[in-house]
>>> print(open('work30.tsv').read())   # TSV, C-alpha atoms
chain	number	residue	atom	x	y	z
A	1008	MET	CA	105.58	96.29	62.18
A	1009	ASN	CA	105.60	96.10	65.97
A	1010	ILE	CA	107.88	99.14	66.15
A	1011	PHE	CA	105.19	100.95	68.14
A	1012	GLU	CA	104.31	98.06	70.42
A	1013	ASP	CA	105.75	99.80	73.49
A	1014	TYR	CA	103.59	102.86	72.76
A	1015	LEU	CA	100.45	100.74	72.62
A	1016	GLN	CA	100.95	99.30	76.09
A	1017	PRO	CA	99.94	102.50	77.98
A	1018	ILE	CA	96.83	102.69	75.78
A	1019	ARG	CA	95.83	99.12	76.60
A	1020	LYS	CA	96.46	99.70	80.33
A	1021	ALA	CA	94.43	102.93	80.33
A	1022	ILE	CA	91.51	101.20	78.63
A	1023	ALA	CA	91.69	98.29	81.08
A	1024	ALA	CA	91.78	100.68	84.06
A	1025	ASP	CA	88.82	102.60	82.67
A	1026	GLU	CA	86.76	99.42	82.35
A	1027	LEU	CA	87.76	98.27	85.82
A	1028	THR	CA	86.77	101.63	87.31
A	1029	LYS	CA	83.36	101.51	85.63
A	1030	SER	CA	82.80	97.93	86.77
A	1031	TYR	CA	83.66	98.81	90.37
A	1032	SER	CA	81.45	101.90	90.28
A	1033	ASN	CA	78.52	99.83	89.03
A	1034	PHE	CA	79.11	97.25	91.75
A	1035	ALA	CA	79.62	99.70	94.62
A	1036	GLY	CA	77.12	102.25	93.41
A	1037	SER	CA	79.64	105.06	93.74
A	1038	GLY	CA	80.95	107.65	91.32
A	1039	ILE	CA	84.56	106.52	91.20
A	1040	ARG	CA	86.47	108.16	88.33
A	1041	ASN	CA	89.64	107.19	86.54
A	1042	LYS	CA	92.29	109.80	87.42
A	1043	VAL	CA	95.13	111.17	85.36
A	1044	ASN	CA	98.53	109.94	86.51
A	1045	LEU	CA	100.96	112.01	84.48
A	1046	ARG	CA	103.97	110.56	86.25
A	1047	ALA	CA	102.93	107.04	85.29
A	1048	LEU	CA	102.46	108.17	81.67
A	1049	ASN	CA	105.89	109.79	81.61
A	1050	GLU	CA	107.42	106.61	82.97
A	1051	ALA	CA	105.60	104.51	80.38
A	1052	VAL	CA	106.31	106.87	77.47
A	1053	PRO	CA	109.24	109.15	78.39
A	1054	GLU	CA	109.20	112.55	76.77
A	1055	LYS	CA	112.82	112.56	75.64
A	1056	ARG	CA	113.69	108.94	75.11
A	1057	LEU	CA	112.57	106.46	72.48
A	1058	LEU	CA	110.93	103.32	73.79
A	1059	PRO	CA	112.84	100.11	72.94
A	1060	SER	CA	110.66	99.05	70.01
A	1061	LEU	CA	111.01	102.43	68.27
A	1062	GLU	CA	114.66	102.76	69.26
A	1063	GLN	CA	115.34	99.50	67.44
A	1064	PHE	CA	113.67	101.01	64.38
A	1065	ALA	CA	115.78	104.18	64.62
A	1066	ASN	CA	118.92	102.06	64.78
A	1067	ALA	CA	117.83	100.10	61.71
A	1068	VAL	CA	117.18	103.33	59.81
A	1069	GLY	CA	120.46	104.76	61.03
A	1070	LEU	CA	119.01	108.03	62.35
A	1071	VAL	CA	119.18	109.69	65.76
A	1072	PRO	CA	116.32	111.91	67.03
A	1073	ASP	CA	117.02	115.40	68.29
A	1074	PHE	CA	115.20	115.89	71.59
A	1075	THR	CA	116.59	119.39	72.13
A	1076	GLN	CA	114.17	121.14	69.78
A	1077	LYS	CA	111.32	123.26	71.07
A	1078	LEU	CA	107.72	123.29	69.88
A	1079	GLY	CA	107.16	125.90	67.19
A	1080	SER	CA	110.81	126.89	66.99
A	1081	HIS	CA	112.73	125.61	63.98
A	1082	PRO	CA	116.34	126.14	65.12
A	1083	ASP	CA	117.45	127.55	61.77
A	1084	PHE	CA	114.92	130.39	62.00
A	1085	ALA	CA	114.53	130.87	65.76
A	1086	TYR	CA	116.65	134.04	65.54
A	1087	LEU	CA	113.68	135.78	63.89
A	1088	LYS	CA	111.77	135.78	67.19
A	1089	HIS	CA	111.21	139.33	68.46
A	1090	THR	CA	112.70	140.86	65.32
A	1091	GLU	CA	111.32	142.56	62.23
A	1092	GLU	CA	113.51	140.45	59.96
A	1093	THR	CA	112.33	137.93	57.40
A	1094	GLU	CA	114.05	135.17	55.48
A	1095	GLU	CA	113.18	133.26	52.34
A	1096	HIS	CA	114.01	129.58	52.58
A	1097	TYR	CA	112.50	126.34	51.32
A	1098	ILE	CA	110.59	123.99	53.65
A	1099	VAL	CA	108.45	120.88	53.45
A	1100	SER	CA	105.19	121.34	55.37
A	1101	MET	CA	103.09	118.46	56.67
A	1102	PHE	CA	99.68	118.30	58.32
A	1103	VAL	CA	98.83	115.06	60.14
A	1104	ASP	CA	95.18	114.84	61.12
A	1105	VAL	CA	93.93	111.98	63.30
A	1106	ARG	CA	90.23	111.56	62.57
A	1107	ARG	CA	87.34	110.23	64.69
A	1108	SER	CA	89.31	110.39	67.93
A	1109	THR	CA	86.48	112.50	69.40
A	1110	GLN	CA	84.36	109.36	69.66
A	1111	LEU	CA	86.66	108.19	72.46
A	1112	TYR	CA	84.96	110.65	74.80
A	1113	GLY	CA	81.70	108.78	74.32
A	1114	ARG	CA	83.32	105.60	75.57
A	1115	TYR	CA	85.99	106.54	78.12
A	1116	GLU	CA	86.63	108.92	80.97
A	1117	PRO	CA	88.47	112.15	80.01
A	1118	ALA	CA	91.51	110.92	81.94
A	1119	THR	CA	91.61	107.77	79.82
A	1120	VAL	CA	91.32	109.77	76.60
A	1121	PHE	CA	94.16	111.96	77.85
A	1122	VAL	CA	96.46	108.94	78.15
A	1123	ILE	CA	95.37	107.51	74.79
A	1124	ASN	CA	95.86	110.80	72.93
A	1125	ASN	CA	99.20	111.50	74.60
A	1126	ALA	CA	100.55	108.04	73.78
A	1127	ILE	CA	99.47	108.46	70.14
A	1128	GLN	CA	100.92	111.95	69.99
A	1129	ARG	CA	104.23	110.98	71.54
A	1130	ALA	CA	104.55	108.13	69.05
A	1131	ALA	CA	104.08	110.70	66.28
A	1132	ILE	CA	106.53	113.18	67.79
A	1133	HIS	CA	109.22	110.57	68.43
A	1134	THR	CA	108.88	109.22	64.89
A	1135	ALA	CA	109.01	112.72	63.39
A	1136	LEU	CA	112.19	113.42	65.36
A	1137	ILE	CA	113.78	110.21	64.06
A	1138	PHE	CA	113.30	111.45	60.51
A	1139	GLY	CA	114.55	114.94	61.31
A	1140	GLY	CA	111.18	116.64	61.48
A	1141	TYR	CA	110.48	119.82	63.45
A	1142	VAL	CA	107.14	119.73	65.23
A	1143	HIS	CA	105.67	123.19	64.87
A	1144	ARG	CA	102.22	122.78	66.35
A	1145	LEU	CA	100.10	120.17	68.13
A	1146	GLN	CA	96.47	119.89	67.12
A	1147	GLY	CA	94.54	117.50	69.35
A	1148	ASP	CA	96.23	114.18	68.70
A	1149	GLY	CA	97.50	115.38	65.30
A	1150	LEU	CA	100.34	117.72	64.43
A	1151	PHE	CA	101.88	120.14	61.95
A	1152	ALA	CA	105.56	119.60	61.19
A	1153	TYR	CA	108.34	120.96	59.01
A	1154	PHE	CA	111.03	118.89	57.29
A	1155	GLY	CA	114.26	120.38	56.00
A	1156	GLY	CA	116.43	123.35	56.84
A	1157	LYS	CA	119.63	125.17	55.98
A	1158	ASN	CA	121.84	122.09	56.25
A	1159	MET	CA	119.66	119.61	54.37
A	1160	PRO	CA	119.19	119.27	50.60
A	1161	ILE	CA	115.61	119.60	49.41
A	1162	ALA	CA	115.48	116.04	48.07
A	1163	ASP	CA	116.53	114.67	51.49
A	1164	ALA	CA	113.84	116.72	53.24
A	1165	VAL	CA	111.21	115.35	50.87
A	1166	SER	CA	112.44	111.78	51.39
A	1167	ARG	CA	112.41	112.13	55.19
A	1168	ALA	CA	108.91	113.59	55.15
A	1169	LEU	CA	107.52	110.79	52.98
A	1170	GLN	CA	109.15	108.13	55.14
A	1171	PHE	CA	107.72	109.58	58.34
A	1172	ALA	CA	104.25	109.92	56.82
A	1173	SER	CA	104.35	106.32	55.58
A	1174	VAL	CA	105.58	104.77	58.83
A	1175	TYR	CA	103.07	106.70	60.94
A	1176	SER	CA	100.19	105.91	58.57
A	1177	TYR	CA	101.01	102.22	58.86
A	1178	PHE	CA	100.94	102.49	62.67
A	1179	VAL	CA	97.49	104.07	62.73
A	1180	LYS	CA	96.02	101.92	59.96
A	1181	ASN	CA	97.18	98.62	61.45
A	1182	ASP	CA	98.58	98.61	64.98
A	1183	LEU	CA	96.31	101.25	66.51
A	1184	LYS	CA	93.31	99.94	64.59
A	1185	ASN	CA	93.75	96.49	66.14
A	1186	VAL	CA	93.69	97.92	69.67
A	1187	PHE	CA	90.46	99.84	69.12
A	1188	GLU	CA	88.73	97.12	67.12
A	1189	GLN	CA	89.05	94.86	70.15
A	1190	GLN	CA	87.04	97.49	72.04
A	1191	GLY	CA	84.38	97.77	69.35
A	1192	ILE	CA	85.45	101.32	68.52
A	1193	GLU	CA	84.89	102.63	65.00
A	1194	GLN	CA	88.06	103.01	62.98
A	1195	ILE	CA	90.31	105.92	63.84
A	1196	TYR	CA	92.41	107.00	60.88
A	1197	THR	CA	94.86	109.59	59.62
A	1198	ARG	CA	94.79	112.00	56.71
A	1199	ILE	CA	98.09	113.60	55.76
A	1200	GLY	CA	98.99	116.44	53.42
A	1201	VAL	CA	102.56	117.20	52.34
A	1202	ASP	CA	103.82	120.06	50.21
A	1203	LEU	CA	107.08	121.81	49.37
A	1204	GLY	CA	107.71	125.49	48.94
A	1205	TYR	CA	110.98	126.67	47.37
A	1206	ASP	CA	113.02	129.60	48.67
A	1207	GLU	CA	111.07	132.13	46.63
A	1208	ASP	CA	107.78	130.62	47.81
A	1209	VAL	CA	108.38	130.75	51.57
A	1210	VAL	CA	108.82	133.68	53.94
A	1211	TRP	CA	109.90	132.95	57.51
A	1212	ALA	CA	108.95	135.61	60.02
A	1213	MET	CA	107.48	136.24	63.44
A	1214	ALA	CA	103.69	136.25	63.57
A	1215	GLY	CA	101.84	137.80	66.49
A	1216	ILE	CA	103.05	140.18	69.21
A	1217	GLY	CA	105.45	139.81	72.10
A	1218	GLU	CA	105.11	136.43	73.73
A	1219	ILE	CA	101.83	135.86	71.88
A	1220	SER	CA	103.83	135.02	68.80
A	1221	GLU	CA	105.65	132.34	66.85
A	1222	VAL	CA	108.20	132.11	64.06
A	1223	THR	CA	106.31	130.53	61.21
A	1224	THR	CA	106.09	130.32	57.43
A	1225	PHE	CA	103.97	132.45	55.14
A	1226	SER	CA	103.57	130.35	52.04
A	1227	LEU	CA	100.93	129.11	49.66
A	1228	HIS	CA	102.45	125.66	50.01
A	1229	THR	CA	102.12	125.59	53.79
A	1230	ASN	CA	98.44	126.32	53.35
A	1231	LEU	CA	98.10	123.77	50.56
A	1232	ALA	CA	99.46	121.00	52.76
A	1233	SER	CA	96.49	121.55	55.04
A	1234	LYS	CA	94.05	121.55	52.12
A	1235	MET	CA	95.59	118.38	50.67
A	1236	GLN	CA	95.13	116.63	53.99
A	1237	ALA	CA	91.42	117.35	53.74
A	1238	ASN	CA	91.39	115.75	50.27
A	1239	ALA	CA	93.07	112.52	51.36
A	1240	VAL	CA	91.17	109.28	51.84
A	1241	SER	CA	91.12	107.36	55.11
A	1242	ASN	CA	94.77	106.68	56.02
A	1243	GLY	CA	95.74	108.43	52.81
A	1244	ILE	CA	98.52	110.85	51.95
A	1245	VAL	CA	98.19	113.61	49.35
A	1246	ILE	CA	101.29	115.46	48.12
A	1247	GLY	CA	101.89	118.53	45.97
A	1248	ASP	CA	103.50	118.71	42.54
A	1249	TYR	CA	106.77	120.16	43.88
A	1250	VAL	CA	107.15	117.14	46.17
A	1251	LYS	CA	106.79	114.91	43.12
A	1252	LYS	CA	109.31	117.04	41.23
A	1253	GLU	CA	111.95	116.50	43.93
A	1254	ALA	CA	111.39	112.72	44.04
A	1255	PRO	CA	111.79	111.58	40.40
A	1256	ALA	CA	112.56	108.00	41.42
A	1257	LEU	CA	109.15	107.77	43.10
A	1258	HIS	CA	106.95	108.91	40.23
A	1259	ASP	CA	105.30	105.49	40.00
A	1260	PHE	CA	103.95	106.00	43.54
A	1261	PHE	CA	102.10	109.23	42.66
A	1262	THR	CA	98.79	109.54	40.81
A	1263	PRO	CA	96.67	112.67	40.37
A	1264	VAL	CA	93.79	112.80	42.85
A	1265	CYS	CA	91.35	113.18	39.96
A	1266	GLN	CA	92.08	109.60	38.89
A	1267	ARG	CA	90.69	108.41	42.23
A	1268	THR	CA	87.68	110.69	42.34
A	1269	GLY	CA	86.83	110.59	38.64
A	1270	LYS	CA	86.47	114.37	38.68
A	1271	GLU	CA	88.85	116.38	36.52
A	1272	THR	CA	88.18	119.38	38.78
A	1273	ASP	CA	90.09	117.56	41.53
A	1274	ARG	CA	93.31	117.51	39.51
A	1275	TYR	CA	94.47	120.93	40.72
A	1276	ILE	CA	94.53	121.99	44.34
A	1277	PHE	CA	95.17	125.64	43.39
A	1278	GLU	CA	95.01	127.68	40.19
A	1279	ILE	CA	95.93	131.18	39.04
A	1280	PRO	CA	94.52	131.11	35.49
A	1281	GLN	CA	95.77	134.58	34.53
A	1282	LYS	CA	99.32	133.44	35.31
A	1283	GLY	CA	98.88	129.96	33.84
A	1284	PHE	CA	99.64	128.45	37.26
A	1285	ARG	CA	97.89	125.17	37.96
A	1286	TYR	CA	99.16	123.09	40.85
A	1287	THR	CA	98.44	119.36	40.80
A	1288	GLN	CA	97.75	117.26	43.89
A	1289	HIS	CA	98.67	113.58	43.93
A	1290	ASP	CA	97.70	110.52	45.94
A	1291	PHE	CA	100.80	108.85	47.36
A	1292	ASP	CA	100.94	105.03	47.38
A	1293	TRP	CA	102.76	105.04	50.69
A	1294	LEU	CA	102.31	101.34	51.45
A	1295	THR	CA	104.09	100.20	48.29
A	1296	PHE	CA	106.74	102.86	48.95
A	1297	LEU	CA	107.22	101.58	52.50
A	1298	LYS	CA	107.68	98.01	51.31
A	1299	LYS	CA	110.55	99.20	49.11
A	1300	GLN	CA	112.56	100.63	52.01
A	1301	ASP	CA	115.80	98.87	52.95
A	1302	TYR	CA	114.74	98.50	56.57
A	1303	ILE	CA	111.40	96.82	55.81
A	1304	ALA	CA	110.66	93.14	55.08
A	1305	THR	CA	107.35	91.45	54.26
A	1306	ASP	CA	106.43	88.16	55.95
A	1307	LEU	CA	104.48	85.27	54.40
A	1308	LEU	CA	101.17	86.83	55.47
A	1309	GLY	CA	101.99	90.12	53.81
A	1310	ASN	CA	102.64	91.94	57.09
A	1311	LEU	CA	105.52	94.40	57.26
A	1312	GLN	CA	108.39	93.63	59.59
A	1313	LEU	CA	111.51	95.49	60.58
A	1314	LYS	CA	114.55	93.84	59.04
A	1315	ALA	CA	117.00	92.48	61.53
A	1316	LYS	CA	120.11	94.59	61.52
A	1317	GLN	CA	123.14	92.57	60.53
A	1318	ALA	CA	125.82	92.51	63.15
A	1319	VAL	CA	129.10	94.09	62.14
A	1320	MET	CA	131.99	91.78	62.93
A	1321	PRO	CA	134.86	93.50	64.75
A	1322	ASN	CA	138.41	93.64	63.42
A	1323	ARG	CA	137.45	93.14	59.80
A	1324	ASN	CA	140.65	94.78	58.59
A	1325	ILE	CA	142.23	92.62	55.91
A	1326	ALA	CA	145.47	92.63	57.87
A	1327	ASN	CA	143.78	90.41	60.46
A	1328	LEU	CA	143.37	87.71	57.84
A	1329	ALA	CA	147.13	87.36	57.30
A	1330	PRO	CA	147.76	84.66	59.94
A	1331	ILE	CA	144.89	82.51	58.64
A	1332	ALA	CA	145.75	82.96	55.00
A	1333	ALA	CA	149.43	82.25	55.59
A	1334	VAL	CA	148.57	78.82	56.98
A	1335	SER	CA	145.74	77.78	54.63
A	1336	LYS	CA	147.10	79.29	51.43
A	1337	PRO	CA	150.82	78.55	50.97
A	1338	TYR	CA	150.98	80.94	48.04
A	1339	TYR	CA	149.61	83.86	50.11
A	1340	ASN	CA	152.19	86.61	50.43
A	1341	PHE	CA	151.05	89.42	52.74
>>> encode(input="work30.tsv", output="structure tokens")
Amino acid sequence: MNIFEDYLQPIRKAIAADELTKSYSNFAGSGIRNKVNLRALNEAVPEKRLLPSLEQFANAVGLVPDFTQKLGSHPDFAYLKHTEETEEHYIVSMFVDVRRSTQLYGRYEPATVFVINNAIQRAAIHTALIFGGYVHRLQGDGLFAYFGGKNMPIADAVSRALQFASVYSYFVKNDLKNVFEQQGIEQIYTRIGVDLGYDEDVVWAMAGIGEISEVTTFSLHTNLASKMQANAVSNGIVIGDYVKKEAPALHDFFTPVCQRTGKETDRYIFEIPQKGFRYTQHDFDWLTFLKKQDYIATDLLGNLQLKAKQAVMPNRNIANLAPIAAVSKPYYNF
């Protein structure tokens, strides 16, 4: 979709610098190393500003990212820090795992991998912020995020989470893949798990002690999101039954995982037989879903493109048409 093109540039430059350094070392017979230049990375991919390509996407979607949030601190529940209080409140949990990135260390200097991983991670963070996500934890070049809160309906939180997961999966599956394929690197891919816990299913509280602590969720469905991620295919997204329940218009995009694997035992991600509780996990056809979004168009080659935002003409008040209509339509009576 080219919305991440500006985030790919630092990756390409880091790879080129790595190759140049190795070539010079081989020629000069010295141990020259590629060095981390954090200032250059921050200039290329600012921490708290969308790059133009992604900013254009945010404008098309009509959403504004919140750069004031802090890692691991959902603002609606931050008050629980250093208290013994708890609160029950729904949340959508998402685990995004970027797989096979470890192989980069076999090809590039650690400094180069640092730039690559940070560019990928910042693309993920910026996109999550666009869709109102709260990044709770960073895991290598992957992340764990929450969607929703006290001022957002559950259905909206589910929709935002699925949109983020779809857009980011497309980035890794296509744009990022093209960069690494040119370097002969085996495919790097994502696996994403998404689940929803209702108010009665989720306890927010402080875990840990003192400053060795975080405000987090204690919920079966937070844990299941992680397990679903592990059950996803390459660049796949697996969602829980409650997510499906809150997105009735999207039922055609969900199929039980057992239909893919051919194993009925894969239908349920969790069971409590004595309570009759069996929780189904579903594959999410995120690509078809993404093609249906108002801000996405498909070109003749089947590639996804960001729809051009139609310009809004100023002074479109009907009163401004009076002078024209009075001249061209004699019967017009304003």
>>> residues_around(input="work30.tsv", residues="A:Pro1059", least_positions_apart="6", cutoff="10 Å", atoms="all atoms listed in the file", output="list in words")
Ile1010, Phe1011, Glu1012, Asp1013, Tyr1014 and Ala1065 of chain A
>>> closest_atom_pairs(input="work30.tsv", of="stretch 1205-1263 of chain A", to="stretch 1075-1097 of chain A", cutoff="7 Å", atoms="all atoms listed in the file", output="Markdown table")
| residue | atom | partner | partner_atom | distance |
| --- | --- | --- | --- | --- |
| A:Tyr1205 | CA | A:Tyr1097 | CA | 4.2 |
| A:Asp1206 | CA | A:His1096 | CA | 4.0 |
| A:Glu1207 | CA | A:Glu1095 | CA | 6.2 |
| A:Val1209 | CA | A:Glu1095 | CA | 5.5 |
| A:Val1210 | CA | A:Glu1095 | CA | 4.7 |
| A:Trp1211 | CA | A:Glu1094 | CA | 5.1 |
| A:Ala1212 | CA | A:Thr1093 | CA | 4.9 |
| A:Met1213 | CA | A:Lys1088 | CA | 5.7 |
| A:Gly1217 | CA | A:His1089 | CA | 6.8 |
| A:Glu1221 | CA | A:Gly1079 | CA | 6.6 |
| A:Val1222 | CA | A:Lys1088 | CA | 6.0 |
>>> write_last_selection(input="work30.tsv", atoms="C-alpha atoms", output="PDB file, keeping the file's coordinate frame")
ATOM      1  CA  TYR A1205     110.980 126.670  47.370  1.00  0.00           C
ATOM      2  CA  ASP A1206     113.020 129.600  48.670  1.00  0.00           C
ATOM      3  CA  GLU A1207     111.070 132.130  46.630  1.00  0.00           C
ATOM      4  CA  VAL A1209     108.380 130.750  51.570  1.00  0.00           C
ATOM      5  CA  VAL A1210     108.820 133.680  53.940  1.00  0.00           C
ATOM      6  CA  TRP A1211     109.900 132.950  57.510  1.00  0.00           C
ATOM      7  CA  ALA A1212     108.950 135.610  60.020  1.00  0.00           C
ATOM      8  CA  MET A1213     107.480 136.240  63.440  1.00  0.00           C
ATOM      9  CA  GLY A1217     105.450 139.810  72.100  1.00  0.00           C
ATOM     10  CA  GLU A1221     105.650 132.340  66.850  1.00  0.00           C
ATOM     11  CA  VAL A1222     108.200 132.110  64.060  1.00  0.00           C
TER      12      VAL A1222
END
>>> closest_residue(input="work30.tsv", among="A:Ala1067, A:Ile1123, A:Leu1313, A:Ile1018", to="A:Ser1108", atoms="only C-alpha atoms")
A:Ile1123
>>> closest_atom_pairs(input="work30.tsv", of="stretch 1095-1175 of chain A", to="stretch 1228-1237 of chain A", cutoff="12 Å", atoms="all atoms listed in the file", output="JSON lines")
{"residue": "A:Tyr1097", "atom": "CA", "partner": "A:His1228", "partner_atom": "CA", "distance": 10.2}
{"residue": "A:Ile1098", "atom": "CA", "partner": "A:Thr1229", "partner_atom": "CA", "distance": 8.6}
{"residue": "A:Val1099", "atom": "CA", "partner": "A:Thr1229", "partner_atom": "CA", "distance": 7.9}
{"residue": "A:Ser1100", "atom": "CA", "partner": "A:Thr1229", "partner_atom": "CA", "distance": 5.5}
{"residue": "A:Met1101", "atom": "CA", "partner": "A:Ala1232", "partner_atom": "CA", "distance": 5.9}
{"residue": "A:Phe1102", "atom": "CA", "partner": "A:Ser1233", "partner_atom": "CA", "distance": 5.6}
{"residue": "A:Val1103", "atom": "CA", "partner": "A:Gln1236", "partner_atom": "CA", "distance": 7.3}
{"residue": "A:Asp1104", "atom": "CA", "partner": "A:Gln1236", "partner_atom": "CA", "distance": 7.4}
{"residue": "A:Val1105", "atom": "CA", "partner": "A:Gln1236", "partner_atom": "CA", "distance": 10.5}
{"residue": "A:Arg1106", "atom": "CA", "partner": "A:Ala1237", "partner_atom": "CA", "distance": 10.6}
{"residue": "A:His1143", "atom": "CA", "partner": "A:Thr1229", "partner_atom": "CA", "distance": 11.9}
{"residue": "A:Gly1149", "atom": "CA", "partner": "A:Gln1236", "partner_atom": "CA", "distance": 11.6}
{"residue": "A:Leu1150", "atom": "CA", "partner": "A:Ser1233", "partner_atom": "CA", "distance": 10.8}
{"residue": "A:Phe1151", "atom": "CA", "partner": "A:Ser1233", "partner_atom": "CA", "distance": 8.9}
{"residue": "A:Ala1152", "atom": "CA", "partner": "A:Thr1229", "partner_atom": "CA", "distance": 10.1}
{"residue": "A:Tyr1153", "atom": "CA", "partner": "A:Thr1229", "partner_atom": "CA", "distance": 9.3}
{"residue": "A:Phe1154", "atom": "CA", "partner": "A:Thr1229", "partner_atom": "CA", "distance": 11.7}
{"residue": "A:Ala1172", "atom": "CA", "partner": "A:Gln1236", "partner_atom": "CA", "distance": 11.7}
>>> closest_residue(input="work30.tsv", among="A:Asn1049, A:Gln1288, A:Ser1060, A:Asn1124", to="A:Gln1312", atoms="all atoms listed in the file")
A:Ser1060
>>> closest_residue(input="work30.tsv", among="A:Gly1140, A:Lys1251, A:Glu1050, A:Thr1287", to="A:Gln1266", atoms="all atoms listed in the file")
A:Thr1287
>>> atom_distance(input="work30.tsv", atom1="atom CA of A:Phe1074", atom2="atom CA of A:Phe1171")
16.5 Å
>>> residues_around(input="work30.tsv", residues="A:Asn1238", least_positions_apart="3", cutoff="10 Å", atoms="all atoms listed in the file", output="NGL selection string")
:A and (1198-1200 or 1232-1235 or 1241 or 1243-1245 or 1264 or 1273 or 1276 or 1288-1290)
>>> closest_residue(input="work30.tsv", among="A:Thr1295, A:Gly1283, A:Ile1022, A:Gly1147", to="A:Asp1259", atoms="only C-alpha atoms")
A:Thr1295
>>> atom_distance(input="work30.tsv", atom1="atom CA of A:Leu1057", atom2="atom CA of A:His1133")
6.7 Å
>>> decode(input="work30.tsv", residues="stretch 1096-1110 of chain A", atoms="N, CA and C atoms", output="tab-separated table (two decimals), in the first residue's frame")
chain	number	residue	atom	x	y	z
A	1096	HIS	N	-13.08	-4.34	34.03
A	1096	HIS	CA	-13.45	-3.57	32.83
A	1096	HIS	C	-12.99	-4.34	31.59
A	1097	TYR	N	-13.82	-4.31	30.56
A	1097	TYR	CA	-13.52	-5.03	29.33
A	1097	TYR	C	-12.23	-4.52	28.68
A	1098	ILE	N	-11.61	-5.33	27.87
A	1098	ILE	CA	-10.47	-4.90	27.04
A	1098	ILE	C	-10.24	-5.92	25.94
A	1099	VAL	N	-9.76	-5.42	24.82
A	1099	VAL	CA	-9.32	-6.28	23.72
A	1099	VAL	C	-7.80	-6.40	23.83
A	1100	SER	N	-7.31	-7.63	23.90
A	1100	SER	CA	-5.87	-7.88	24.02
A	1100	SER	C	-5.33	-8.41	22.70
A	1101	MET	N	-4.13	-7.98	22.34
A	1101	MET	CA	-3.53	-8.42	21.09
A	1101	MET	C	-2.03	-8.69	21.26
A	1102	PHE	N	-1.62	-9.86	20.79
A	1102	PHE	CA	-0.21	-10.20	20.73
A	1102	PHE	C	0.22	-10.20	19.27
A	1103	VAL	N	1.25	-9.42	18.97
A	1103	VAL	CA	1.83	-9.37	17.63
A	1103	VAL	C	3.23	-9.94	17.71
A	1104	ASP	N	3.45	-11.07	17.09
A	1104	ASP	CA	4.76	-11.73	17.12
A	1104	ASP	C	5.39	-11.66	15.74
A	1105	VAL	N	6.59	-11.11	15.64
A	1105	VAL	CA	7.32	-11.08	14.38
A	1105	VAL	C	8.31	-12.23	14.40
A	1106	ARG	N	8.14	-13.17	13.49
A	1106	ARG	CA	8.89	-14.41	13.50
A	1106	ARG	C	10.08	-14.37	12.54
A	1107	ARG	N	11.10	-15.15	12.89
A	1107	ARG	CA	12.31	-15.34	12.09
A	1107	ARG	C	13.20	-14.10	12.00
A	1108	SER	N	12.95	-13.12	12.83
A	1108	SER	CA	13.81	-11.93	12.79
A	1108	SER	C	15.19	-12.24	13.36
A	1109	THR	N	15.31	-13.32	14.15
A	1109	THR	CA	16.61	-13.68	14.73
A	1109	THR	C	17.64	-13.98	13.66
A	1110	GLN	N	17.18	-14.45	12.49
A	1110	GLN	CA	18.12	-14.78	11.42
A	1110	GLN	C	18.89	-13.56	10.93
